[in-house]
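> One structure coming up, written as structure tokens, with questions to follow.
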Amino acid sequence: MDGVLRNGRRRLTFRTCLELSHLLYVMQRIVKHRLLVQECTISFLAPSTSRQLCLNNTAAVVVSSIRPYSVVPPSSDPEEKAMLHRMLRVDHAGEYGANRIYAGQMAVLGRTQTRPVIQEMWDQEKKHLTKFNEILAENRVRPTALLPLWNIAGYALGATTALLGKEGAMACTVAVEESISEHYNSQIRALMEADPDRYTELLQMIKEFRDDEMEHNDTGLENDAESVPGYWLLKNVIQAGCKAAIYVSERV
């Protein structure tokens, strides 16, 4: 029996070594590929400068390759962890709601000339939602308990405003995307004040998504959002609902 156990241990150790060797090989290939891509960028510099840049780049690639997180840094501080969870929870809820709004708009205007405009914005929102789904799972963040409500409310809002025509759908887009952009800006300010170096990847992602939302806002304005009757009243009502949804989704 002891011999079998020892042999089992040997086999387990050998297999583990093979897996570690393969992992190291993959990491080396990643480092080599990234260095080759950037070689042309630094080849014209002075030898000493090029050598220093290569060293710095190699260190950065190795660190990023073995980093245990993708966007959100791990935290043992309860207050920081709670803050990040609230932030991720409400962002996920916002992107989920936006997807349902575009689904409602597409249900009404899917066979009109407005379809490509809505589809392009919806495709970007799908990417945002997919990313937040990954981040919530990676960091074990509970999504808001109100997702079933946002599912119905978002779809209803998108479909109802689309019944007013292209202009109504675009007015809804402007109101919602402007609210989300402002919300993202407030998160960017909070992270910058806290520790911009610690939250580099998270800041980069939020800024990218914020820029997409601002682009959607501009698209709505370019497609006659302001020409719908009662535009300012409609916009203010929708934005009041967005603010309430943001407040509740952070906490529930």
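Letters A, B, ... go to the chains of the structure tokens in the order shown; residues in each chain start at 1; ligands are counted from 1 in the same order.
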So which residues touch Arg210 of chain A within 8 Å, counting only C-alpha atoms, skipping near sequence neighbours fewer than 5 positions away, as a ChimeraX atom specification?
/A:180-181,184-185
> Fewer than 3 positions away in the same chain doesn't count, so skip those; otherwise give me all residues within 12 Å of Ala153 of chain A, counting only C-alpha atoms, as an mmCIF file with all heavy atoms, in the first residue's frame.

```
data_model
loop_
_atom_site.group_PDB
_atom_site.id
_atom_site.type_symbol
_atom_site.label_atom_id
_atom_site.label_comp_id
_atom_site.auth_asym_id
_atom_site.auth_seq_id
_atom_site.Cartn_x
_atom_site.Cartn_y
_atom_site.Cartn_z
ATOM 1 N N TYR A 96 -27.835 46.435 -17.900
ATOM 2 C CA TYR A 96 -28.926 45.484 -18.110
ATOM 3 C C TYR A 96 -30.184 46.230 -18.552
ATOM 4 O O TYR A 96 -30.863 45.831 -19.513
ATOM 5 C CB TYR A 96 -29.190 44.703 -16.829
ATOM 6 C CG TYR A 96 -30.292 43.685 -16.949
ATOM 7 C CD1 TYR A 96 -30.033 42.408 -17.441
ATOM 8 C CD2 TYR A 96 -31.598 43.992 -16.561
ATOM 9 C CE1 TYR A 96 -31.052 41.466 -17.553
ATOM 10 C CE2 TYR A 96 -32.618 43.063 -16.674
ATOM 11 C CZ TYR A 96 -32.338 41.808 -17.171
ATOM 12 O OH TYR A 96 -33.358 40.882 -17.283
ATOM 13 N N GLY A 97 -30.490 47.323 -17.847
ATOM 14 C CA GLY A 97 -31.668 48.116 -18.205
ATOM 15 C C GLY A 97 -31.565 48.717 -19.591
ATOM 16 O O GLY A 97 -32.544 48.731 -20.354
ATOM 17 N N ALA A 98 -30.376 49.196 -19.953
ATOM 18 C CA ALA A 98 -30.173 49.770 -21.283
ATOM 19 C C ALA A 98 -30.405 48.726 -22.369
ATOM 20 O O ALA A 98 -31.003 49.017 -23.417
ATOM 21 C CB ALA A 98 -28.759 50.348 -21.386
ATOM 22 N N ASN A 99 -29.941 47.503 -22.126
ATOM 23 C CA ASN A 99 -30.174 46.431 -23.091
ATOM 24 C C ASN A 99 -31.663 46.162 -23.274
ATOM 25 O O ASN A 99 -32.126 45.935 -24.406
ATOM 26 C CB ASN A 99 -29.465 45.155 -22.624
ATOM 27 C CG ASN A 99 -28.061 45.030 -23.152
ATOM 28 O OD1 ASN A 99 -27.820 44.469 -24.217
ATOM 29 N ND2 ASN A 99 -27.099 45.592 -22.416
ATOM 30 N N ARG A 100 -32.412 46.190 -22.192
ATOM 31 C CA ARG A 100 -33.849 45.945 -22.291
ATOM 32 C C ARG A 100 -34.557 47.098 -23.001
ATOM 33 O O ARG A 100 -35.534 46.879 -23.734
ATOM 34 C CB ARG A 100 -34.442 45.732 -20.887
ATOM 35 C CG ARG A 100 -33.883 44.542 -20.156
ATOM 36 C CD ARG A 100 -34.036 43.274 -20.997
ATOM 37 N NE ARG A 100 -35.442 42.963 -21.227
ATOM 38 C CZ ARG A 100 -35.903 42.289 -22.277
ATOM 39 N NH1 ARG A 100 -35.074 41.879 -23.221
ATOM 40 N NH2 ARG A 100 -37.207 42.044 -22.404
ATOM 41 N N ILE A 101 -34.079 48.318 -22.808
ATOM 42 C CA ILE A 101 -34.662 49.464 -23.509
ATOM 43 C C ILE A 101 -34.477 49.323 -25.019
ATOM 44 O O ILE A 101 -35.414 49.509 -25.808
ATOM 45 C CB ILE A 101 -34.033 50.779 -23.013
ATOM 46 C CG1 ILE A 101 -34.499 51.082 -21.594
ATOM 47 C CG2 ILE A 101 -34.394 51.944 -23.943
ATOM 48 C CD1 ILE A 101 -33.793 52.241 -20.933
ATOM 49 N N TYR A 102 -33.254 48.978 -25.436
ATOM 50 C CA TYR A 102 -33.010 48.819 -26.868
ATOM 51 C C TYR A 102 -33.782 47.624 -27.426
ATOM 52 O O TYR A 102 -34.205 47.640 -28.592
ATOM 53 C CB TYR A 102 -31.518 48.670 -27.133
ATOM 54 C CG TYR A 102 -30.778 49.983 -27.034
ATOM 55 C CD1 TYR A 102 -29.775 50.180 -26.089
ATOM 56 C CD2 TYR A 102 -31.094 51.031 -27.880
ATOM 57 C CE1 TYR A 102 -29.104 51.392 -25.997
ATOM 58 C CE2 TYR A 102 -30.439 52.246 -27.795
ATOM 59 C CZ TYR A 102 -29.439 52.421 -26.853
ATOM 60 O OH TYR A 102 -28.799 53.623 -26.765
ATOM 61 N N ALA A 103 -33.989 46.597 -26.621
ATOM 62 C CA ALA A 103 -34.797 45.458 -27.069
ATOM 63 C C ALA A 103 -36.236 45.901 -27.328
ATOM 64 O O ALA A 103 -36.859 45.488 -28.323
ATOM 65 C CB ALA A 103 -34.758 44.350 -26.024
ATOM 66 N N GLY A 104 -36.764 46.740 -26.441
ATOM 67 C CA GLY A 104 -38.114 47.263 -26.638
ATOM 68 C C GLY A 104 -38.215 48.150 -27.861
ATOM 69 O O GLY A 104 -39.195 48.085 -28.622
ATOM 70 N N LEU A 146 -33.400 43.671 -8.024
ATOM 71 C CA LEU A 146 -34.462 44.285 -8.821
ATOM 72 C C LEU A 146 -34.322 44.029 -10.319
ATOM 73 O O LEU A 146 -35.033 44.655 -11.116
ATOM 74 C CB LEU A 146 -34.489 45.798 -8.564
ATOM 75 C CG LEU A 146 -34.774 46.204 -7.118
ATOM 76 C CD1 LEU A 146 -34.689 47.720 -6.965
ATOM 77 C CD2 LEU A 146 -36.151 45.717 -6.687
ATOM 78 N N LEU A 147 -33.441 43.118 -10.705
ATOM 79 C CA LEU A 147 -33.281 42.837 -12.133
ATOM 80 C C LEU A 147 -34.606 42.439 -12.811
ATOM 81 O O LEU A 147 -34.856 42.875 -13.946
ATOM 82 C CB LEU A 147 -32.228 41.741 -12.349
ATOM 83 C CG LEU A 147 -30.748 42.163 -12.243
ATOM 84 C CD1 LEU A 147 -29.857 40.986 -12.606
ATOM 85 C CD2 LEU A 147 -30.444 43.363 -13.121
ATOM 86 N N PRO A 148 -35.461 41.618 -12.187
ATOM 87 C CA PRO A 148 -36.748 41.306 -12.839
ATOM 88 C C PRO A 148 -37.584 42.557 -13.112
ATOM 89 O O PRO A 148 -38.259 42.644 -14.145
ATOM 90 C CB PRO A 148 -37.439 40.380 -11.829
ATOM 91 C CG PRO A 148 -36.317 39.753 -11.067
ATOM 92 C CD PRO A 148 -35.277 40.830 -10.951
ATOM 93 N N LEU A 149 -37.524 43.526 -12.194
ATOM 94 C CA LEU A 149 -38.259 44.772 -12.398
ATOM 95 C C LEU A 149 -37.654 45.581 -13.539
ATOM 96 O O LEU A 149 -38.379 46.105 -14.398
ATOM 97 C CB LEU A 149 -38.258 45.600 -11.114
ATOM 98 C CG LEU A 149 -38.900 46.995 -11.203
ATOM 99 C CD1 LEU A 149 -40.366 46.887 -11.616
ATOM 100 C CD2 LEU A 149 -38.769 47.726 -9.871
ATOM 101 N N TRP A 150 -36.321 45.682 -13.560
ATOM 102 C CA TRP A 150 -35.668 46.440 -14.639
ATOM 103 C C TRP A 150 -35.862 45.752 -15.985
ATOM 104 O O TRP A 150 -35.874 46.409 -17.023
ATOM 105 C CB TRP A 150 -34.187 46.620 -14.354
ATOM 106 C CG TRP A 150 -33.853 47.278 -13.057
ATOM 107 C CD1 TRP A 150 -32.740 47.069 -12.294
ATOM 108 C CD2 TRP A 150 -34.614 48.271 -12.351
ATOM 109 N NE1 TRP A 150 -32.762 47.850 -11.167
ATOM 110 C CE2 TRP A 150 -33.899 48.607 -11.169
ATOM 111 C CE3 TRP A 150 -35.833 48.900 -12.587
ATOM 112 C CZ2 TRP A 150 -34.371 49.535 -10.255
ATOM 113 C CZ3 TRP A 150 -36.312 49.830 -11.657
ATOM 114 C CH2 TRP A 150 -35.586 50.140 -10.519
ATOM 115 N N ALA A 156 -40.490 48.008 -21.413
ATOM 116 C CA ALA A 156 -41.697 48.823 -21.566
ATOM 117 C C ALA A 156 -41.345 50.256 -21.951
ATOM 118 O O ALA A 156 -42.004 50.859 -22.812
ATOM 119 C CB ALA A 156 -42.506 48.806 -20.270
ATOM 120 N N LEU A 157 -40.310 50.814 -21.321
ATOM 121 C CA LEU A 157 -39.890 52.174 -21.641
ATOM 122 C C LEU A 157 -39.428 52.270 -23.092
ATOM 123 O O LEU A 157 -39.800 53.211 -23.815
ATOM 124 C CB LEU A 157 -38.761 52.608 -20.704
ATOM 125 C CG LEU A 157 -38.158 53.993 -20.966
ATOM 126 C CD1 LEU A 157 -39.217 55.086 -20.843
ATOM 127 C CD2 LEU A 157 -36.998 54.262 -20.012
ATOM 128 N N GLY A 158 -38.616 51.315 -23.527
ATOM 129 C CA GLY A 158 -38.132 51.336 -24.898
ATOM 130 C C GLY A 158 -39.258 51.202 -25.911
ATOM 131 O O GLY A 158 -39.317 51.949 -26.898
ATOM 132 N N ALA A 159 -40.180 50.272 -25.667
ATOM 133 C CA ALA A 159 -41.277 50.047 -26.610
ATOM 134 C C ALA A 159 -42.247 51.226 -26.624
ATOM 135 O O ALA A 159 -42.710 51.654 -27.695
ATOM 136 C CB ALA A 159 -42.011 48.754 -26.244
ATOM 137 N N THR A 160 -42.554 51.762 -25.434
ATOM 138 C CA THR A 160 -43.521 52.862 -25.344
ATOM 139 C C THR A 160 -43.018 54.106 -26.063
ATOM 140 O O THR A 160 -43.755 54.748 -26.827
ATOM 141 C CB THR A 160 -43.823 53.189 -23.877
ATOM 142 O OG1 THR A 160 -44.331 52.021 -23.225
ATOM 143 C CG2 THR A 160 -44.846 54.308 -23.772
ATOM 144 N N ILE A 238 -37.961 60.691 -17.656
ATOM 145 C CA ILE A 238 -37.115 59.502 -17.801
ATOM 146 C C ILE A 238 -35.878 59.610 -16.922
ATOM 147 O O ILE A 238 -35.478 58.641 -16.264
ATOM 148 C CB ILE A 238 -36.723 59.300 -19.277
ATOM 149 C CG1 ILE A 238 -37.956 58.937 -20.109
ATOM 150 C CG2 ILE A 238 -35.653 58.206 -19.415
ATOM 151 C CD1 ILE A 238 -37.697 58.844 -21.591
ATOM 152 N N GLY A 241 -36.561 58.899 -13.347
ATOM 153 C CA GLY A 241 -36.643 57.458 -13.138
ATOM 154 C C GLY A 241 -35.275 56.808 -13.099
ATOM 155 O O GLY A 241 -35.035 55.890 -12.305
ATOM 156 N N CYS A 242 -34.361 57.286 -13.954
ATOM 157 C CA CYS A 242 -32.996 56.742 -13.969
ATOM 158 C C CYS A 242 -32.282 56.992 -12.645
ATOM 159 O O CYS A 242 -31.612 56.099 -12.107
ATOM 160 C CB CYS A 242 -32.194 57.362 -15.118
ATOM 161 S SG CYS A 242 -32.698 56.805 -16.764
ATOM 162 N N ALA A 245 -33.624 54.672 -10.081
ATOM 163 C CA ALA A 245 -33.153 53.308 -10.313
ATOM 164 C C ALA A 245 -31.702 53.145 -9.859
ATOM 165 O O ALA A 245 -31.335 52.116 -9.282
ATOM 166 C CB ALA A 245 -33.288 52.968 -11.805
#
```
> Show me, as a ChimeraX atom specification, the residues that have an atom within 10 Å of Thr219 of chain A when counting only C-alpha atoms, minus same-chain residues fewer than 4 positions from it.
/A:117-118,121,170,173-174,213-215,223-225
> Rank A:Ala93, A:Val228, A:Ala107, A:Leu129 by their smallest atom-to-atom distance to Phe209 of chain A, using only C-alpha atoms, and report the top residue only.
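Answer, going by the shortest atom-to-atom distance: A:Leu129.
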> Atom CA of Glu193 of chain A and atom CA of Ser76 of chain A are how many Å apart?
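Those two atoms sit 19.5 Å apart.
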